[in-house]
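structure18.txt, holding compact mmCIF, C-alpha atoms:
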```
# COMPACT_ATOMS: atom_id res chain seq x y z
CA MET E 1 43.79 -48.64 91.65
CA PRO E 2 40.97 -51.20 92.09
CA GLN E 3 38.27 -51.45 89.45
CA TYR E 4 35.41 -50.16 91.55
CA VAL E 5 37.17 -46.91 92.32
CA GLN E 6 36.19 -43.98 90.15
CA ASP E 7 38.95 -41.52 89.43
CA ARG E 8 36.74 -38.55 88.69
CA LEU E 9 33.34 -37.12 89.50
CA ASN E 10 30.68 -37.58 86.84
CA ILE E 11 27.21 -36.33 86.01
CA TYR E 12 25.51 -38.93 88.26
CA ASP E 13 27.48 -37.59 91.19
CA ALA E 14 26.23 -34.09 90.37
CA ILE E 15 22.65 -35.41 90.63
CA LEU E 16 23.54 -37.02 93.97
CA PHE E 17 24.89 -33.68 95.23
CA LEU E 18 21.64 -31.97 94.28
CA GLN E 19 19.57 -34.68 95.95
CA GLY E 20 21.64 -34.26 99.08
CA LEU E 21 21.11 -30.52 98.96
CA GLY E 22 17.37 -31.06 98.55
CA ASN E 23 17.26 -33.41 101.53
CA THR E 24 19.23 -30.94 103.65
CA VAL E 25 16.70 -28.22 102.81
CA LEU E 26 13.83 -30.61 103.57
CA LEU E 27 15.34 -31.51 106.96
CA CYS E 28 15.79 -27.86 107.86
CA VAL E 29 12.33 -26.75 106.75
CA CYS E 30 10.61 -29.54 108.70
CA GLY E 31 12.86 -29.07 111.75
CA LEU E 32 12.35 -25.30 111.75
CA GLY E 33 8.59 -25.47 111.21
CA LEU E 34 7.97 -27.97 114.00
CA GLY E 35 10.57 -26.34 116.23
CA LEU E 36 8.80 -22.99 115.87
CA VAL E 37 5.55 -24.43 117.24
CA ILE E 38 7.28 -25.90 120.31
CA ALA E 39 9.36 -22.75 120.72
CA LEU E 40 6.26 -20.56 120.86
CA VAL E 41 4.78 -22.68 123.65
CA ILE E 42 8.03 -22.90 125.60
CA GLY E 43 8.95 -19.28 125.00
CA LEU E 44 5.56 -18.13 126.31
CA ALA E 45 5.93 -20.44 129.32
CA ARG E 46 9.43 -19.08 129.93
CA ALA E 47 8.20 -15.48 129.81
CA SER E 48 5.25 -16.31 132.06
CA ARG E 49 5.09 -14.96 135.60
CA SER E 50 4.02 -18.32 136.99
CA ARG E 51 6.95 -20.35 138.33
CA TRP E 52 5.18 -23.61 137.52
CA LEU E 53 5.45 -22.65 133.88
CA SER E 54 8.70 -20.73 133.70
CA TRP E 55 10.97 -23.12 135.63
CA PRO E 56 10.31 -26.28 133.60
CA ALA E 57 10.70 -24.22 130.44
CA ALA E 58 13.98 -22.77 131.71
CA THR E 59 15.27 -26.26 132.59
CA TYR E 60 14.37 -27.58 129.15
CA ILE E 61 16.14 -24.69 127.45
CA GLU E 62 19.19 -24.98 129.70
CA ILE E 63 19.66 -28.73 129.20
CA ILE E 64 19.31 -28.50 125.43
CA ARG E 65 21.68 -25.57 125.18
CA ASP E 66 24.28 -27.18 127.41
CA SER E 67 24.52 -30.57 125.73
CA PRO E 68 25.97 -31.43 122.32
CA LEU E 69 23.60 -31.84 119.39
CA LEU E 70 25.32 -35.14 118.58
CA MET E 71 24.26 -36.57 121.95
CA GLN E 72 20.71 -35.31 121.48
CA LEU E 73 20.64 -37.05 118.12
CA TYR E 74 21.87 -40.34 119.60
CA LEU E 75 19.41 -40.10 122.49
CA ILE E 76 16.45 -39.52 120.19
CA PHE E 77 17.62 -42.04 117.64
CA PHE E 78 18.01 -44.77 120.26
CA ALA E 79 15.20 -43.72 122.60
CA LEU E 80 12.39 -43.77 120.06
CA PRO E 81 12.70 -47.52 119.33
CA LEU E 82 12.72 -48.15 123.10
CA MET E 83 9.33 -46.51 123.33
CA GLY E 84 8.13 -48.92 120.69
CA LEU E 85 8.26 -46.34 117.91
CA GLN E 86 9.96 -47.59 114.78
CA VAL E 87 10.54 -44.35 112.92
CA PRO E 88 12.50 -43.77 109.72
CA ILE E 89 15.85 -42.01 110.11
CA PHE E 90 14.40 -38.91 108.48
CA ALA E 91 11.88 -38.58 111.33
CA ALA E 92 14.62 -39.06 113.93
CA GLY E 93 16.66 -36.35 112.20
CA VAL E 94 13.75 -33.93 112.05
CA ALA E 95 12.87 -34.64 115.69
CA THR E 96 16.44 -33.85 116.76
CA LEU E 97 16.58 -30.59 114.84
CA MET E 98 13.14 -29.71 116.16
CA VAL E 99 14.08 -30.30 119.81
CA ASN E 100 17.42 -28.53 119.45
CA SER E 101 16.21 -25.48 117.56
CA SER E 102 13.11 -25.10 119.76
CA ALA E 103 15.29 -24.36 122.81
CA PHE E 104 17.23 -21.63 121.01
CA MET E 105 14.09 -20.27 119.38
CA ALA E 106 12.25 -20.20 122.71
CA GLU E 107 14.88 -17.76 123.98
CA ILE E 108 14.39 -15.61 120.88
CA VAL E 109 10.62 -15.68 121.45
CA ARG E 110 11.09 -14.71 125.08
CA ALA E 111 13.45 -11.86 124.20
CA GLY E 112 10.99 -10.67 121.57
CA ILE E 113 8.06 -10.70 123.99
CA GLN E 114 10.06 -8.94 126.68
CA ALA E 115 11.18 -6.31 124.18
CA VAL E 116 7.56 -5.17 123.87
CA GLY E 117 7.06 -2.37 126.37
CA LYS E 118 4.97 -2.75 129.51
CA ASP E 119 2.76 0.18 128.49
CA GLN E 120 1.54 -1.90 125.56
CA TRP E 121 0.20 -4.42 128.05
CA ASP E 122 -1.38 -1.67 130.12
CA ALA E 123 -2.97 -0.12 127.04
CA ALA E 124 -4.39 -3.48 125.95
CA ARG E 125 -5.69 -4.10 129.46
CA GLY E 126 -7.28 -0.65 129.33
CA LEU E 127 -9.03 -1.62 126.11
CA GLY E 128 -10.47 -4.61 127.93
CA MET E 129 -8.36 -7.30 126.24
CA GLY E 130 -7.56 -10.57 127.97
CA TYR E 131 -4.14 -12.29 128.10
CA LEU E 132 -4.55 -14.29 124.90
CA GLN E 133 -6.10 -11.39 123.02
CA THR E 134 -3.26 -9.10 124.04
CA MET E 135 -0.73 -11.71 122.94
CA ARG E 136 -2.46 -12.34 119.63
CA HIS E 137 -3.22 -8.77 118.59
CA VAL E 138 -0.69 -6.58 120.37
CA VAL E 139 2.43 -8.33 121.63
CA VAL E 140 3.20 -11.07 119.07
CA PRO E 141 2.95 -8.81 115.98
CA GLN E 142 5.42 -6.38 117.53
CA ALA E 143 7.66 -9.08 118.99
CA PHE E 144 7.82 -10.81 115.61
CA ARG E 145 9.70 -7.87 114.13
CA VAL E 146 12.40 -8.07 116.78
CA MET E 147 12.63 -11.83 116.36
CA ILE E 148 13.49 -11.79 112.65
CA PRO E 149 17.26 -11.06 112.72
CA PRO E 150 18.14 -13.64 115.40
CA GLY E 151 15.64 -16.00 113.78
CA VAL E 152 17.49 -15.84 110.46
CA GLY E 153 20.74 -16.39 112.36
CA LEU E 154 19.21 -19.47 113.92
CA LEU E 155 18.16 -20.78 110.52
CA ILE E 156 21.78 -20.52 109.35
CA GLY E 157 22.81 -22.48 112.44
CA LEU E 158 20.13 -25.05 111.72
CA ILE E 159 21.33 -25.58 108.15
CA LYS E 160 24.86 -26.13 109.43
CA ASP E 161 23.68 -28.34 112.29
CA SER E 162 21.70 -30.52 109.91
CA SER E 163 25.06 -31.84 108.67
CA ILE E 164 25.22 -33.86 111.90
CA ILE E 165 22.20 -35.91 110.81
CA SER E 166 24.62 -37.58 108.36
CA VAL E 167 25.92 -39.53 111.37
CA ILE E 168 22.76 -41.68 111.39
CA SER E 169 23.17 -42.24 107.62
CA TYR E 170 20.40 -39.99 106.40
CA ILE E 171 21.45 -39.09 102.85
CA GLU E 172 21.75 -35.34 103.12
CA LEU E 173 24.52 -33.19 101.72
CA THR E 174 27.31 -34.18 104.12
CA ARG E 175 26.46 -37.89 103.81
CA VAL E 176 26.62 -37.53 100.02
CA GLY E 177 30.09 -36.09 100.52
CA GLN E 178 31.12 -39.10 102.59
CA ILE E 179 29.69 -41.57 100.07
CA LEU E 180 31.46 -39.91 97.15
CA THR E 181 34.71 -39.67 99.09
CA GLU E 182 34.60 -43.41 99.69
CA LYS E 183 33.93 -43.95 95.99
CA THR E 184 36.44 -41.57 94.44
CA PHE E 185 38.98 -40.73 97.18
CA LEU E 186 38.81 -37.12 95.94
CA SER E 187 38.22 -35.71 99.44
CA PHE E 188 39.29 -32.13 98.73
CA GLN E 189 37.14 -31.80 95.64
CA VAL E 190 34.10 -33.56 97.10
CA PHE E 191 34.07 -31.74 100.43
CA GLY E 192 35.00 -28.52 98.63
CA ILE E 193 31.80 -28.86 96.59
CA VAL E 194 29.79 -29.81 99.69
CA ALA E 195 31.11 -26.77 101.54
CA ALA E 196 30.38 -24.55 98.54
CA LEU E 197 26.76 -25.76 98.42
CA TYR E 198 26.31 -25.05 102.14
CA PHE E 199 27.89 -21.64 101.58
CA ILE E 200 25.43 -20.89 98.77
CA LEU E 201 22.57 -21.67 101.14
CA CYS E 202 23.91 -19.79 104.16
CA TYR E 203 25.72 -16.74 102.79
CA PRO E 204 22.62 -14.93 101.42
CA LEU E 205 20.85 -15.68 104.70
CA SER E 206 23.70 -14.17 106.72
CA LYS E 207 23.49 -11.02 104.60
CA LEU E 208 19.71 -10.99 105.14
CA ALA E 209 20.22 -11.25 108.91
CA LEU E 210 22.59 -8.28 108.80
CA TYR E 211 20.19 -6.28 106.62
CA THR E 212 17.14 -6.88 108.83
CA GLU E 213 19.19 -6.03 111.90
CA ARG E 214 20.26 -2.70 110.42
CA ARG E 215 16.71 -1.89 109.36
CA LEU E 216 15.48 -2.66 112.84
CA LYS E 217 17.99 -0.25 114.34
CA VAL E 218 16.93 2.54 111.99
CA GLY E 219 13.23 1.91 112.44
CA GLY E 220 13.37 1.04 116.16
CA MET K 1 8.11 -48.11 127.24
CA ARG K 2 6.84 -51.61 126.67
CA GLY K 3 8.53 -53.84 129.18
CA TYR K 4 11.82 -51.99 128.97
CA VAL K 5 13.78 -51.96 132.20
CA PHE K 6 16.38 -49.27 132.66
CA GLN K 7 19.72 -50.57 133.81
CA PHE K 8 22.46 -48.18 134.68
CA ARG K 9 24.73 -50.61 136.54
CA GLU K 10 27.00 -51.47 133.62
CA ILE K 11 27.24 -47.81 132.68
CA PHE K 12 28.27 -46.77 136.17
CA GLN K 13 30.87 -49.54 136.28
CA GLU K 14 32.48 -48.00 133.23
CA LEU K 15 32.21 -44.46 134.57
CA PRO K 16 36.01 -44.02 134.93
CA MET K 17 36.32 -44.76 131.22
CA LEU K 18 33.74 -42.10 130.41
CA LEU K 19 35.44 -39.60 132.72
CA ASP K 20 38.70 -40.33 130.95
CA GLY K 21 36.93 -39.33 127.74
CA ALA K 22 35.67 -36.18 129.44
CA VAL K 23 39.28 -35.30 130.27
CA THR K 24 40.20 -35.72 126.60
CA THR K 25 37.28 -33.49 125.65
CA LEU K 26 38.48 -30.80 128.07
CA HIS K 27 42.04 -31.20 126.84
CA ILE K 28 41.00 -30.69 123.23
CA SER K 29 38.74 -27.76 124.15
CA ILE K 30 41.41 -25.87 126.09
CA LEU K 31 44.01 -26.43 123.37
CA THR K 32 41.47 -25.26 120.77
CA LEU K 33 40.61 -22.17 122.78
CA ILE K 34 44.24 -21.10 123.16
CA LEU K 35 45.20 -21.72 119.54
CA SER K 36 42.04 -20.16 118.12
CA LEU K 37 42.52 -17.11 120.31
CA VAL K 38 45.86 -16.61 118.55
CA VAL K 39 44.22 -17.15 115.15
CA GLY K 40 41.34 -14.87 116.12
CA THR K 41 43.61 -12.05 117.26
CA LEU K 42 45.67 -12.19 114.07
CA GLY K 43 42.46 -12.46 112.04
CA ALA K 44 40.93 -9.44 113.77
CA LEU K 45 44.04 -7.34 113.15
CA CYS K 46 44.02 -8.39 109.49
CA ARG K 47 40.28 -7.69 109.12
CA MET K 48 40.75 -4.18 110.47
CA SER K 49 43.89 -3.54 108.47
CA ARG K 50 43.97 -0.84 105.82
CA LEU K 51 45.88 -3.13 103.49
CA PRO K 52 43.41 -4.84 101.13
CA TRP K 53 45.59 -7.96 100.69
CA LEU K 54 45.30 -8.57 104.43
CA ARG K 55 41.69 -7.49 104.87
CA GLY K 56 40.29 -9.39 101.88
CA PRO K 57 41.50 -12.89 102.76
CA ALA K 58 40.65 -12.39 106.44
CA THR K 59 37.10 -11.32 105.57
CA TRP K 60 36.62 -14.31 103.27
CA TYR K 61 38.08 -16.66 105.85
CA VAL K 62 35.47 -15.52 108.36
CA GLU K 63 32.60 -15.64 105.86
CA VAL K 64 33.45 -19.05 104.44
CA ILE K 65 33.99 -20.69 107.83
CA ARG K 66 30.91 -19.19 109.43
CA ASN K 67 28.67 -20.23 106.55
CA THR K 68 29.74 -23.87 106.31
CA PRO K 69 29.25 -26.68 108.84
CA LEU K 70 32.02 -27.68 111.25
CA LEU K 71 31.51 -31.33 110.33
CA VAL K 72 32.25 -30.62 106.66
CA GLN K 73 35.33 -28.61 107.66
CA LEU K 74 36.54 -31.51 109.79
CA PHE K 75 36.03 -34.00 106.96
CA PHE K 76 37.68 -31.64 104.49
CA ILE K 77 40.77 -31.44 106.67
CA TYR K 78 40.85 -35.03 107.88
CA PHE K 79 40.21 -36.78 104.57
CA GLY K 80 41.99 -34.06 102.62
CA PHE K 81 45.24 -34.66 104.49
CA SER K 82 45.12 -38.34 103.65
CA GLN K 83 44.42 -37.52 99.99
CA ILE K 84 47.63 -35.52 99.68
CA ASN K 85 49.48 -38.14 101.77
CA ILE K 86 50.18 -35.98 104.78
CA ASP K 87 50.21 -38.22 107.81
CA VAL K 88 48.57 -36.56 110.80
CA SER K 89 46.91 -38.23 113.75
CA ASN K 90 43.14 -38.04 114.18
CA TYR K 91 43.71 -35.94 117.26
CA THR K 92 45.80 -33.39 115.37
CA ALA K 93 43.34 -33.24 112.48
CA GLY K 94 40.50 -32.75 114.94
CA VAL K 95 42.24 -29.93 116.76
CA ILE K 96 43.21 -28.24 113.47
CA GLY K 97 39.59 -28.44 112.34
CA LEU K 98 38.28 -26.99 115.58
CA VAL K 99 40.91 -24.22 115.56
CA VAL K 100 40.19 -23.25 111.95
CA ASN K 101 36.48 -23.15 112.77
CA ASN K 102 36.65 -21.27 116.05
CA GLY K 103 39.37 -18.93 114.79
CA ALA K 104 36.74 -17.37 112.50
CA TYR K 105 34.27 -16.83 115.33
CA LEU K 106 36.98 -15.46 117.61
CA THR K 107 38.11 -13.10 114.84
CA GLU K 108 34.70 -11.46 115.03
CA ILE K 109 34.67 -11.45 118.84
CA VAL K 110 38.14 -9.90 119.10
CA ARG K 111 37.32 -7.40 116.37
CA ALA K 112 34.22 -6.28 118.23
CA GLY K 113 36.33 -5.96 121.38
CA ILE K 114 38.95 -3.79 119.70
CA GLN K 115 36.32 -1.66 117.98
CA ALA K 116 34.63 -1.03 121.31
CA ILE K 117 37.70 0.93 122.43
CA HIS K 118 37.42 4.66 122.07
CA LYS K 119 39.33 6.27 119.23
CA GLY K 120 40.96 8.68 121.68
CA GLN K 121 42.86 5.78 123.25
CA PHE K 122 44.57 5.02 119.93
CA GLU K 123 45.38 8.68 119.36
CA ALA K 124 46.70 9.09 122.87
CA GLY K 125 48.87 6.00 122.46
CA TYR K 126 50.35 7.18 119.20
CA SER K 127 50.99 10.66 120.55
CA LEU K 128 52.94 9.08 123.41
CA GLY K 129 55.21 7.64 120.75
CA LEU K 130 54.07 4.02 121.02
CA ASN K 131 54.39 1.97 117.86
CA PHE K 132 51.61 -0.31 116.63
CA LEU K 133 52.67 -3.39 118.61
CA GLN K 134 53.27 -1.42 121.81
CA LEU K 135 49.91 0.27 121.40
CA MET K 136 48.21 -3.11 121.06
CA ARG K 137 50.16 -4.67 123.89
CA TYR K 138 49.81 -1.92 126.51
CA VAL K 139 46.68 0.03 125.57
CA VAL K 140 44.29 -1.91 123.35
CA PHE K 141 44.44 -5.55 124.45
CA PRO K 142 44.09 -4.96 128.21
CA GLN K 143 40.95 -2.92 127.62
CA ALA K 144 39.60 -5.14 124.84
CA PHE K 145 39.96 -8.21 127.06
CA ARG K 146 37.27 -6.84 129.33
CA VAL K 147 34.82 -6.60 126.45
CA VAL K 148 35.90 -9.87 124.90
CA TYR K 149 35.76 -11.95 128.10
CA PRO K 150 31.99 -12.70 128.28
CA PRO K 151 31.59 -13.79 124.62
CA LEU K 152 34.88 -15.67 124.94
CA CYS K 153 33.41 -17.69 127.81
CA ASN K 154 30.34 -18.51 125.73
CA GLN K 155 32.58 -19.55 122.88
CA PHE K 156 34.53 -21.85 125.19
CA ILE K 157 31.30 -23.59 126.24
CA GLY K 158 30.46 -23.87 122.54
CA ILE K 159 33.88 -25.40 121.86
CA ILE K 160 33.29 -28.07 124.53
CA LEU K 161 29.94 -29.00 123.01
CA TRP K 162 31.04 -28.89 119.39
CA SER K 163 34.24 -30.80 120.12
CA SER K 164 31.95 -33.84 120.34
CA LEU K 165 32.07 -33.84 116.54
CA VAL K 166 35.70 -34.97 116.52
CA SER K 167 34.33 -38.35 117.61
CA THR K 168 33.25 -38.79 113.98
CA ILE K 169 36.91 -38.86 112.96
CA SER K 170 37.71 -41.37 115.74
CA VAL K 171 39.22 -39.10 118.37
CA HIS K 172 38.62 -40.80 121.73
CA ASP K 173 36.71 -38.04 123.44
CA LEU K 174 33.65 -38.34 125.67
CA ALA K 175 31.23 -38.77 122.78
CA LEU K 176 33.18 -41.63 121.20
CA ARG K 177 33.68 -43.36 124.56
CA GLY K 178 29.92 -43.17 124.99
CA LYS K 179 29.35 -44.63 121.56
CA GLU K 180 31.72 -47.52 122.26
CA LEU K 181 30.12 -48.19 125.62
CA ALA K 182 26.67 -48.17 124.04
CA SER K 183 27.72 -50.71 121.46
CA THR K 184 29.35 -53.07 123.98
CA THR K 185 26.60 -52.95 126.62
CA PHE K 186 23.61 -52.55 124.25
CA ARG K 187 22.33 -50.00 126.74
CA SER K 188 22.26 -47.12 124.26
CA PHE K 189 19.66 -44.97 125.91
CA GLU K 190 21.16 -45.20 129.38
CA THR K 191 24.68 -44.59 128.08
CA TYR K 192 23.76 -41.52 126.08
CA ALA K 193 21.66 -40.18 128.95
CA VAL K 194 24.68 -40.44 131.27
CA VAL K 195 27.06 -38.98 128.66
CA THR K 196 24.69 -36.08 128.00
CA LEU K 197 24.45 -35.48 131.73
CA ILE K 198 28.26 -35.39 131.99
CA TYR K 199 28.35 -32.77 129.24
CA VAL K 200 25.65 -30.69 130.95
CA VAL K 201 27.37 -30.85 134.34
CA MET K 202 30.72 -30.03 132.74
CA THR K 203 29.45 -26.96 130.86
CA LEU K 204 27.37 -25.64 133.76
CA THR K 205 30.30 -25.98 136.19
CA ILE K 206 32.75 -24.35 133.82
CA SER K 207 30.47 -21.46 132.92
CA ALA K 208 29.80 -20.81 136.62
CA ALA K 209 33.54 -20.90 137.33
CA LEU K 210 34.27 -18.54 134.43
CA LYS K 211 31.63 -16.11 135.69
CA LEU K 212 33.28 -16.12 139.09
CA ILE K 213 36.70 -15.52 137.56
CA GLY K 214 35.26 -12.72 135.45
CA TYR K 215 33.78 -11.13 138.54
CA ARG K 216 37.11 -11.32 140.34
CA LEU K 217 39.00 -9.93 137.38
CA PHE K 218 36.70 -7.06 136.50
CA ARG K 219 34.76 -6.50 139.73
CA ARG K 220 31.51 -7.00 137.92
CA PRO K 221 29.54 -9.95 136.57
CA ALA K 222 30.81 -11.07 133.21
```
What do you get writing this file as structure tokens?
Amino acid sequence: MPQYVQDRLNIYDAILFLQGLGNTVLLCVCGLGLGLVIALVIGLARASRSRWLSWPAATYIEIIRDSPLLMQLYLIFFALPLMGLQVPIFAAGVATLMVNSSAFMAEIVRAGIQAVGKDQWDAARGLGMGYLQTMRHVVVPQAFRVMIPPGVGLLIGLIKDSSIISVISYIELTRVGQILTEKTFLSFQVFGIVAALYFILCYPLSKLALYTERRLKVGG
Amino acid sequence: MRGYVFQFREIFQELPMLLDGAVTTLHISILTLILSLVVGTLGALCRMSRLPWLRGPATWYVEVIRNTPLLVQLFFIYFGFSQINIDVSNYTAGVIGLVVNNGAYLTEIVRAGIQAIHKGQFEAGYSLGLNFLQLMRYVVFPQAFRVVYPPLCNQFIGIILWSSLVSTISVHDLALRGKELASTTFRSFETYAVVTLIYVVMTLTISAALKLIGYRLFRRPA
């Protein structure tokens, strides 16, 4: 065995794992936060009665949902420099997760808005509220409740999807796994730990999604 | 776009190569679907079993796979095999990874399908003297298939899209062909735009075709 190869994992590797975990969380939080803003706009456009708004939104959603995340990542990663934007890989990663999750979230937003009954609109109209006021005070608060279980599901998906950002060498959890595998050749152990860390992040969330869904059924 | 001129000519010249990759992608996806349907059916039966030593592992299999990323599962299998000196091709490792992953999702889909069948059907089957396998074969599966078909179609589209990840372990599918073309022509943006378009066209066509088949099979939109 060559000198530079480690034959076991040590304490420094543990720190690397935790850094990777932290970066994964950071990626997801930024991607989700920004994605939510875009999703609200697109979801509202999709639910709109005007074709000029709903068709472009539908096309956006359809294209994102019918192409692989890996290709979206490559497109964004290589397209940004073309537009004269030299961005760090972290920004490219966040942008990809943002674009990808916004399409899925937009559908959740639309479903949430459409789940609010038509009589709510009529009642708000009767109270003299405009479109934006109705949205802000009547529809969105009620829609939000319906959006939570699929939203949590989407967050789980996002955490798992963020592993793909490792392909452009951003040092998140999966990339840490690759680096340590190259250093130690202990693939089973390293990727076992990586998988366990992802599981620790996602498993409670999946239970939360189930719990909120059950509560919604009882309360609904 | 400062002075950048789009050039698709080189990409279109290599289109047959990309389409060859698309065929590999389809090949992998269909193989994955068939194998994971087998895994999913067995998994669903185990998850619903009354025997705890069948139900426990099946439940954990589903939970662990659904809460960890496919990419990590692929690396675990691909690099893990080489660690214990088992020689498998990239293609085989990729398919195994995809099957292990999708088997968990299909377990849940098949389970939901079987649970959607009315209890009276099981009782009627048993009272006719059918044993467990006969009951499944003649009563449960034909009815469950109807329920399972629409989510199964969605899952197949998902398999096509997620199979792009096997390019990271050097399986020559559409995504890897695209990556190679981008690095030889230096036309990254154009290449990935075309490759993405191929994926979109492929998934839209297939999901439309599956809807049509579903309509023919069940006389209602799937």
Would you list the residues near (20.5, -6.3, 110.2), meaning any protein, DNA or RNA residue with an atom at most 12 Å from that point in file coordinates, counting all atoms listed in the file, as a ChimeraX atom specification? /E:145-153,205-220
Counting only C-alpha atoms, the residue of K:Ser49, K:Gln83, K:Asn154, K:Thr41 that sits nearest chain E: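 The shortest atom-to-atom distance to chain E comes from K:Gln83.
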May I ask you to extract the residues of chain K within 7 Å of chain E, using all atoms listed in the file, and to give them as a PDB file with C-alpha atoms, keeping the file's coordinate frame?
```
ATOM      1  CA  MET K   1       8.110 -48.110 127.240  1.00  0.00           C
ATOM      2  CA  ARG K   2       6.840 -51.610 126.670  1.00  0.00           C
ATOM      3  CA  VAL K  64      33.450 -19.050 104.440  1.00  0.00           C
ATOM      4  CA  ASN K  67      28.670 -20.230 106.550  1.00  0.00           C
ATOM      5  CA  THR K  68      29.740 -23.870 106.310  1.00  0.00           C
ATOM      6  CA  PRO K  69      29.250 -26.680 108.840  1.00  0.00           C
ATOM      7  CA  LEU K  71      31.510 -31.330 110.330  1.00  0.00           C
ATOM      8  CA  VAL K  72      32.250 -30.620 106.660  1.00  0.00           C
ATOM      9  CA  PHE K  76      37.680 -31.640 104.490  1.00  0.00           C
ATOM     10  CA  PHE K  79      40.210 -36.780 104.570  1.00  0.00           C
ATOM     11  CA  GLY K  80      41.990 -34.060 102.620  1.00  0.00           C
ATOM     12  CA  GLN K  83      44.420 -37.520  99.990  1.00  0.00           C
ATOM     13  CA  LEU K 161      29.940 -29.000 123.010  1.00  0.00           C
ATOM     14  CA  TRP K 162      31.040 -28.890 119.390  1.00  0.00           C
ATOM     15  CA  SER K 164      31.950 -33.840 120.340  1.00  0.00           C
ATOM     16  CA  SER K 188      22.260 -47.120 124.260  1.00  0.00           C
ATOM     17  CA  PHE K 189      19.660 -44.970 125.910  1.00  0.00           C
ATOM     18  CA  TYR K 192      23.760 -41.520 126.080  1.00  0.00           C
ATOM     19  CA  ALA K 193      21.660 -40.180 128.950  1.00  0.00           C
ATOM     20  CA  THR K 196      24.690 -36.080 128.000  1.00  0.00           C
ATOM     21  CA  TYR K 199      28.350 -32.770 129.240  1.00  0.00           C
ATOM     22  CA  VAL K 200      25.650 -30.690 130.950  1.00  0.00           C
ATOM     23  CA  THR K 203      29.450 -26.960 130.860  1.00  0.00           C
TER      24      THR K 203
END
```
In Å, with one decimal, what is the gap from CA of Phe122 in chain K to CA of Arg219 in chain K?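 CA of Arg219 in chain K lies at a distance of 24.9 Å from CA of Phe122 in chain K.
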Quick one: residues within 8 Å of range 134-146 of chain K, all atoms listed in the file, excluding same-chain residues fewer than 5 positions away - as a list of chain:residue names?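 The neighbour list is K:Val110, K:Gly113, K:Ile114, K:Ala116, K:Ile117, K:Gln121, K:Phe122, K:Gly125, K:Tyr126, K:Phe218.
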Leu32 in chain E surroundings by only C-alpha atoms, 9 Å radius, close-in-sequence under 2 positions cut, as a list in words: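 Close residues of Leu32 in chain E: Leu27, Cys28, Val29, Cys30, Leu34, Gly35, Leu36, Val37, Val94, Leu97, Met98, Ser101, Ser102, Leu155 and Leu158 of chain E.
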One number please: CA of Ala58 in chain K to CA of Ile159 in chain K, in Å, one decimal.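 Value for the CA of Ala58 in chain K-CA of Ile159 in chain K distance: 21.3 Å.
Among the candidates K:Gly40, K:Pro16, K:Gly21, K:Gly178, the residue lying nearest to Asn101 in chain K is K:Gly40 (atoms considered: all atoms listed in the file).
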As an exercise, work out the distance from CA of Tyr215 in chain K to CA of Gly120 in chain K in Å and give it to one decimal place.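 Interatomic distance, CA of Tyr215 in chain K to CA of Gly120 in chain K: 27.0 Å.
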For range 41-56 of chain E, list every protein, DNA or RNA residue within 9 Å, evaluated using only C-alpha atoms, and leave out those in the same chain fewer than 5 positions away; present the list as a list in words.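 Result of the neighbour search: Leu36, Ile61, Ser102, Ala103, Met105, Ala106, Glu107, Ile108, Val109, Arg110, Ala111, Ile113 and Gln114 of chain E.
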